[in-house]
>>> print(open('data.pdb').read())   # PDB, C-alpha atoms and all ligand atoms
ATOM      1  CA  MET A 462      -0.409   6.447 -15.561
ATOM      2  CA  GLU A 463       0.742   3.801 -18.003
ATOM      3  CA  PRO A 464       2.791   1.743 -17.889
ATOM      4  CA  GLY A 465       2.236   0.540 -14.376
ATOM      5  CA  PHE A 466       2.748  -2.666 -12.472
ATOM      6  CA  GLU A 467       1.825  -4.057  -9.090
ATOM      7  CA  LEU A 468       2.701  -7.061  -7.018
ATOM      8  CA  ASP A 469      -0.266  -8.352  -5.049
ATOM      9  CA  ILE A 470      -0.563 -10.918  -2.268
ATOM     10  CA  ASN A 471      -3.477 -13.161  -1.481
ATOM     11  CA  CYS A 472      -5.570 -11.737   1.376
ATOM     12  CA  ALA A 473      -4.785 -13.721   4.532
ATOM     13  CA  ILE A 474      -7.769 -12.212   6.361
ATOM     14  CA  CYS A 475     -10.331 -13.967   4.164
ATOM     15  CA  GLY A 476      -8.127 -16.520   2.406
ATOM     16  CA  GLY A 477      -8.908 -14.928  -0.956
ATOM     17  CA  SER A 478     -12.687 -15.231  -0.840
ATOM     18  CA  GLY A 479     -13.215 -11.457  -0.472
ATOM     19  CA  CYS A 480     -13.698  -9.176   2.549
ATOM     20  CA  PRO A 481     -13.762  -5.440   3.398
ATOM     21  CA  THR A 482      -9.948  -5.463   3.955
ATOM     22  CA  CYS A 483      -9.238  -6.525   0.350
ATOM     23  CA  LYS A 484     -12.312  -4.705  -1.018
ATOM     24  CA  GLN A 485     -13.857  -8.057  -1.956
ATOM     25  CA  SER A 486     -11.067  -8.798  -4.462
ATOM     26  CA  GLY A 487      -9.186 -11.446  -2.482
ATOM     27  CA  TRP A 488      -5.923  -9.551  -3.144
ATOM     28  CA  LEU A 489      -3.900  -6.776  -1.483
ATOM     29  CA  GLU A 490      -1.544  -4.476  -3.350
ATOM     30  CA  LEU A 491       1.944  -4.968  -1.906
ATOM     31  CA  LEU A 492       4.299  -3.287  -4.378
ATOM     32  CA  PRO A 493       2.735  -0.736  -6.733
ATOM     33  CA  CYS A 494       4.847   1.097  -9.310
ATOM     34  CA  GLY A 495       4.493   3.110 -12.476
ATOM     35  CA  MET A 496       5.280   6.221 -14.458
ATOM     36  CA  ILE A 497       4.848   9.582 -12.722
ATOM     37  CA  HIS A 498       2.120  11.759 -14.252
ATOM     38  CA  PRO A 499       3.566  14.774 -16.150
ATOM     39  CA  ASN A 500       1.459  17.154 -14.033
ATOM     40  CA  VAL A 501       3.140  15.846 -10.868
ATOM     41  CA  LEU A 502       6.559  16.535 -12.388
ATOM     42  CA  LYS A 503       5.404  19.981 -13.489
ATOM     43  CA  MET A 504       4.188  20.834  -9.972
ATOM     44  CA  GLY A 505       7.594  19.751  -8.657
ATOM     45  CA  GLY A 506       9.317  22.218 -10.957
ATOM     46  CA  ILE A 507      10.534  19.534 -13.378
ATOM     47  CA  ASP A 508       9.991  19.928 -17.133
ATOM     48  CA  PRO A 509       7.917  16.883 -18.220
ATOM     49  CA  GLU A 510       8.969  17.463 -21.826
ATOM     50  CA  LYS A 511      12.582  16.805 -20.799
ATOM     51  CA  TYR A 512      12.237  14.274 -17.957
ATOM     52  CA  THR A 513      10.068  11.305 -17.026
ATOM     53  CA  GLY A 514       9.769   9.604 -13.667
ATOM     54  CA  PHE A 515       9.151   6.170 -12.251
ATOM     55  CA  ALA A 516       7.808   5.625  -8.737
ATOM     56  CA  PHE A 517       7.375   2.549  -6.573
ATOM     57  CA  GLY A 518       6.683   1.646  -2.971
ATOM     58  CA  LEU A 519       6.718  -1.422  -0.759
ATOM     59  CA  GLY A 520       3.764  -1.781   1.586
ATOM     60  CA  LEU A 521       5.319  -3.120   4.771
ATOM     61  CA  THR A 522       2.122  -2.267   6.627
ATOM     62  CA  ARG A 523       0.223  -4.639   4.349
ATOM     63  CA  LEU A 524       2.633  -7.434   5.256
ATOM     64  CA  ALA A 525       2.169  -6.657   8.962
ATOM     65  CA  MET A 526      -1.611  -6.687   8.442
ATOM     66  CA  MET A 527      -1.444 -10.173   6.969
ATOM     67  CA  LYS A 528       0.964 -11.498   9.630
ATOM     68  CA  TYR A 529      -0.986 -10.139  12.629
ATOM     69  CA  ASN A 530      -4.489 -10.420  11.142
ATOM     70  CA  ILE A 531      -5.124  -6.636  11.265
ATOM     71  CA  LYS A 532      -8.236  -5.867   9.240
ATOM     72  CA  ASP A 533      -7.942  -2.070   8.917
ATOM     73  CA  ILE A 534      -4.712  -0.347   7.785
ATOM     74  CA  ARG A 535      -5.821   2.893   9.489
ATOM     75  CA  LEU A 536      -5.188   1.331  12.914
ATOM     76  CA  PHE A 537      -1.427   1.804  12.350
ATOM     77  CA  ASN A 538      -1.860   5.589  12.362
ATOM     78  CA  SER A 539      -4.676   5.849  14.875
ATOM     79  CA  GLY A 540      -2.467   6.618  17.898
ATOM     80  CA  ASN A 541      -4.462   4.008  19.802
ATOM     81  CA  LEU A 542      -1.878   2.628  22.258
ATOM     82  CA  LYS A 543      -4.110  -0.267  23.241
ATOM     83  CA  GLN A 544      -4.042  -1.392  19.611
ATOM     84  CA  LEU A 545      -0.253  -1.036  19.332
ATOM     85  CA  ARG A 546       0.624  -2.589  22.698
ATOM     86  CA  GLN A 547      -0.945  -5.914  21.783
ATOM     87  CA  PHE A 548       2.194  -6.615  19.726
ATOM     88  CA  VAL A 549       4.639  -5.861  22.575
ATOM     89  CA  LYS A 550       5.589  -8.925  24.567
TER
HETATM   90 ZN    ZN B 601      -9.869 -10.343   2.020
END
>>> encode(input="data.pdb", output="C-alpha cells", more="lines below")
Ligand SMILES: [Zn+2]
Amino acid sequence: MEPGFELDINCAICGGSGCPTCKQSGWLELLPCGMIHPNVLKMGGIDPEKYTGFAFGLGLTRLAMMKYNIKDIRLFNSGNLKQLRQFVK
C-alpha cells in the first residue's frame, strides 16, 4: 500500500552481485514500512473510514544472516539444533 518505504542493506553473501539469498538483486530488505491496507483494518474491527495505520518492522534475522553468512532465513525457524549450535561457543 502506498506510501511505503524500506531500508535495504547490501547483500554480504554475494557482495551485491546477486545470489539466491537476495533474489539476484544484491540487496536485502532490512526495515520495511508503510500504510496498512484498509481491508486489514476492517478485518481487525477498525473502521478504515475513520482510522489509518502505519506499520514497520526491523529484520534482526537479516542482520544475523549477513554477520554469520547464513544463506537461508528459514534455517532460523527450522528447529535444527546442529544449525543453531554452531553459534554457541
Ligand atoms: Zn546476494
>>> closest_residue(input="data.pdb", among="A:Leu468, A:Asp533, A:Glu510, A:Pro499", to="ligand ZN 601 (chain B)", atoms="only C-alpha atoms and all ligand atoms")
A:Asp533
>>> residues_near_ligand(input="data.pdb", ligand="ligand ZN 601 (chain B)", cutoff="7 Å", atoms="all atoms listed in the file", output="list in words")
Cys472, Ala473, Ile474, Cys475, Gly476, Gly477, Ser478, Gly479, Cys480, Pro481, Thr482, Cys483, Lys484, Gln485, Ser486, Gly487 and Trp488 of chain A
>>> residues_around(input="data.pdb", residues="A:Gly520", least_positions_apart="2", cutoff="8 Å", atoms="only C-alpha atoms", output="short mmCIF file (atom, residue, chain, number, x, y, z; two decimals) with C-alpha atoms, in the coordinates of the input")
data_model
loop_
_atom_site.label_atom_id
_atom_site.label_comp_id
_atom_site.auth_asym_id
_atom_site.auth_seq_id
_atom_site.Cartn_x
_atom_site.Cartn_y
_atom_site.Cartn_z
CA GLU A 490 -1.54 -4.48 -3.35
CA LEU A 491 1.94 -4.97 -1.91
CA LEU A 492 4.30 -3.29 -4.38
CA GLY A 518 6.68 1.65 -2.97
CA THR A 522 2.12 -2.27 6.63
CA ARG A 523 0.22 -4.64 4.35
CA LEU A 524 2.63 -7.43 5.26
#
>>> residues_around(input="data.pdb", residues="A:Gly514", least_positions_apart="3", cutoff="8 Å", atoms="all atoms listed in the file", output="NGL selection string")
:A and (496-498 or 502)
>>> atom_distance(input="data.pdb", atom1="atom CA of A:Gly465", atom2="atom CA of A:Pro493")
7.8 Å
>>> atom_distance(input="data.pdb", atom1="atom CA of A:Asp469", atom2="atom CA of A:Phe515")
18.7 Å
>>> closest_residue(input="data.pdb", among="A:Leu489, A:Met526, A:Val501, A:Cys494", to="A:Pro464", atoms="all atoms listed in the file")
A:Cys494
>>> closest_residue(input="data.pdb", among="A:Glu467, A:Phe548, A:Ile507, A:Thr513", to="A:Asn530", atoms="only C-alpha atoms")
A:Phe548
>>> atom_distance(input="data.pdb", atom1="atom CA of A:Leu521", atom2="atom CA of A:Asn500")
27.9 Å
>>> axis_aligned_box(input="data.pdb", around="stretch 522-535 of chain A", padding_each_side="5 Å", output="AutoDock Vina command-line options")
--center_x -2.8 --center_y -4.3 --center_z 8.5 --size_x 20.9 --size_y 24.4 --size_z 18.3
>>> decode(input="data.pdb", residues="chain A", atoms="C-alpha atoms", output="PDB file, in the first residue's frame")
ATOM      1  CA  MET A 462       0.000   0.000   0.000  1.00  0.00           C
ATOM      2  CA  GLU A 463       1.271   3.480  -0.746  1.00  0.00           C
ATOM      3  CA  PRO A 464       3.081   5.280   0.645  1.00  0.00           C
ATOM      4  CA  GLY A 465       5.712   2.805   1.670  1.00  0.00           C
ATOM      5  CA  PHE A 466       9.400   2.889   2.417  1.00  0.00           C
ATOM      6  CA  GLU A 467      12.160   0.391   3.029  1.00  0.00           C
ATOM      7  CA  LEU A 468      15.722   0.462   4.205  1.00  0.00           C
ATOM      8  CA  ASP A 469      17.871  -2.088   2.408  1.00  0.00           C
ATOM      9  CA  ILE A 470      21.399  -3.343   3.027  1.00  0.00           C
ATOM     10  CA  ASN A 471      23.889  -4.603   0.505  1.00  0.00           C
ATOM     11  CA  CYS A 472      23.939  -8.419   0.418  1.00  0.00           C
ATOM     12  CA  ALA A 473      27.058  -9.612   2.252  1.00  0.00           C
ATOM     13  CA  ILE A 474      26.626 -13.156   0.919  1.00  0.00           C
ATOM     14  CA  CYS A 475      27.367 -12.169  -2.680  1.00  0.00           C
ATOM     15  CA  GLY A 476      28.805  -8.684  -2.178  1.00  0.00           C
ATOM     16  CA  GLY A 477      25.949  -7.181  -4.186  1.00  0.00           C
ATOM     17  CA  SER A 478      26.440  -9.148  -7.391  1.00  0.00           C
ATOM     18  CA  GLY A 479      23.226 -11.175  -6.919  1.00  0.00           C
ATOM     19  CA  CYS A 480      22.505 -14.597  -5.393  1.00  0.00           C
ATOM     20  CA  PRO A 481      19.514 -16.727  -4.298  1.00  0.00           C
ATOM     21  CA  THR A 482      19.606 -15.122  -0.795  1.00  0.00           C
ATOM     22  CA  CYS A 483      18.967 -11.615  -2.178  1.00  0.00           C
ATOM     23  CA  LYS A 484      16.873 -12.916  -5.102  1.00  0.00           C
ATOM     24  CA  GLN A 485      19.551 -11.719  -7.530  1.00  0.00           C
ATOM     25  CA  SER A 486      19.008  -8.065  -6.545  1.00  0.00           C
ATOM     26  CA  GLY A 487      22.166  -7.533  -4.493  1.00  0.00           C
ATOM     27  CA  TRP A 488      20.028  -6.048  -1.682  1.00  0.00           C
ATOM     28  CA  LEU A 489      18.161  -7.313   1.394  1.00  0.00           C
ATOM     29  CA  GLU A 490      15.176  -5.555   2.922  1.00  0.00           C
ATOM     30  CA  LEU A 491      16.089  -4.609   6.494  1.00  0.00           C
ATOM     31  CA  LEU A 492      13.400  -2.155   7.601  1.00  0.00           C
ATOM     32  CA  PRO A 493      10.152  -2.199   5.613  1.00  0.00           C
ATOM     33  CA  CYS A 494       7.291   0.147   6.491  1.00  0.00           C
ATOM     34  CA  GLY A 495       4.123   1.563   5.024  1.00  0.00           C
ATOM     35  CA  MET A 496       0.428   2.263   5.323  1.00  0.00           C
ATOM     36  CA  ILE A 497      -1.825  -0.584   6.470  1.00  0.00           C
ATOM     37  CA  HIS A 498      -4.326  -1.720   3.828  1.00  0.00           C
ATOM     38  CA  PRO A 499      -7.927  -0.699   4.708  1.00  0.00           C
ATOM     39  CA  ASN A 500      -9.057  -4.337   4.431  1.00  0.00           C
ATOM     40  CA  VAL A 501      -6.583  -5.326   7.161  1.00  0.00           C
ATOM     41  CA  LEU A 502      -8.014  -2.641   9.445  1.00  0.00           C
ATOM     42  CA  LYS A 503     -11.541  -3.763   8.597  1.00  0.00           C
ATOM     43  CA  MET A 504     -10.729  -7.390   9.467  1.00  0.00           C
ATOM     44  CA  GLY A 505      -9.336  -6.161  12.791  1.00  0.00           C
ATOM     45  CA  GLY A 506     -12.630  -4.476  13.599  1.00  0.00           C
ATOM     46  CA  ILE A 507     -11.319  -0.962  12.913  1.00  0.00           C
ATOM     47  CA  ASP A 508     -13.278   1.430  10.678  1.00  0.00           C
ATOM     48  CA  PRO A 509     -10.917   2.340   7.788  1.00  0.00           C
ATOM     49  CA  GLU A 510     -13.049   5.390   7.016  1.00  0.00           C
ATOM     50  CA  LYS A 511     -12.173   6.781  10.456  1.00  0.00           C
ATOM     51  CA  TYR A 512      -8.647   5.441  11.070  1.00  0.00           C
ATOM     52  CA  THR A 513      -5.474   4.750   9.110  1.00  0.00           C
ATOM     53  CA  GLY A 514      -2.473   2.721  10.180  1.00  0.00           C
ATOM     54  CA  PHE A 515       1.259   2.664   9.681  1.00  0.00           C
ATOM     55  CA  ALA A 516       3.332  -0.484  10.169  1.00  0.00           C
ATOM     56  CA  PHE A 517       7.059  -1.147  10.267  1.00  0.00           C
ATOM     57  CA  GLY A 518       9.465  -3.878  11.280  1.00  0.00           C
ATOM     58  CA  LEU A 519      13.184  -4.333  11.800  1.00  0.00           C
ATOM     59  CA  GLY A 520      14.655  -7.522  10.381  1.00  0.00           C
ATOM     60  CA  LEU A 521      17.172  -8.581  13.008  1.00  0.00           C
ATOM     61  CA  THR A 522      17.351 -12.004  11.380  1.00  0.00           C
ATOM     62  CA  ARG A 523      18.583 -10.365   8.183  1.00  0.00           C
ATOM     63  CA  LEU A 524      21.384  -8.686  10.127  1.00  0.00           C
ATOM     64  CA  ALA A 525      22.313 -12.029  11.713  1.00  0.00           C
ATOM     65  CA  MET A 526      22.283 -13.623   8.245  1.00  0.00           C
ATOM     66  CA  MET A 527      24.773 -11.066   6.979  1.00  0.00           C
ATOM     67  CA  LYS A 528      27.013 -11.284  10.073  1.00  0.00           C
ATOM     68  CA  TYR A 529      27.177 -15.106  10.164  1.00  0.00           C
ATOM     69  CA  ASN A 530      26.940 -15.727   6.406  1.00  0.00           C
ATOM     70  CA  ILE A 531      23.617 -17.629   6.670  1.00  0.00           C
ATOM     71  CA  LYS A 532      22.185 -18.046   3.183  1.00  0.00           C
ATOM     72  CA  ASP A 533      18.615 -19.126   4.016  1.00  0.00           C
ATOM     73  CA  ILE A 534      16.430 -17.236   6.533  1.00  0.00           C
ATOM     74  CA  ARG A 535      14.301 -20.370   7.067  1.00  0.00           C
ATOM     75  CA  LEU A 536      17.165 -22.010   8.986  1.00  0.00           C
ATOM     76  CA  PHE A 537      16.327 -19.781  11.989  1.00  0.00           C
ATOM     77  CA  ASN A 538      12.946 -21.493  12.369  1.00  0.00           C
ATOM     78  CA  SER A 539      13.926 -24.979  11.271  1.00  0.00           C
ATOM     79  CA  GLY A 540      14.447 -26.391  14.785  1.00  0.00           C
ATOM     80  CA  ASN A 541      17.710 -27.865  13.522  1.00  0.00           C
ATOM     81  CA  LEU A 542      19.902 -27.814  16.653  1.00  0.00           C
ATOM     82  CA  LYS A 543      23.033 -28.607  14.679  1.00  0.00           C
ATOM     83  CA  GLN A 544      22.468 -25.395  12.727  1.00  0.00           C
ATOM     84  CA  LEU A 545      21.858 -23.321  15.872  1.00  0.00           C
ATOM     85  CA  ARG A 546      24.677 -24.791  17.971  1.00  0.00           C
ATOM     86  CA  GLN A 547      27.342 -23.634  15.539  1.00  0.00           C
ATOM     87  CA  PHE A 548      26.941 -20.151  17.048  1.00  0.00           C
ATOM     88  CA  VAL A 549      27.389 -21.301  20.673  1.00  0.00           C
ATOM     89  CA  LYS A 550      30.968 -21.108  21.862  1.00  0.00           C
TER      90      LYS A 550
END
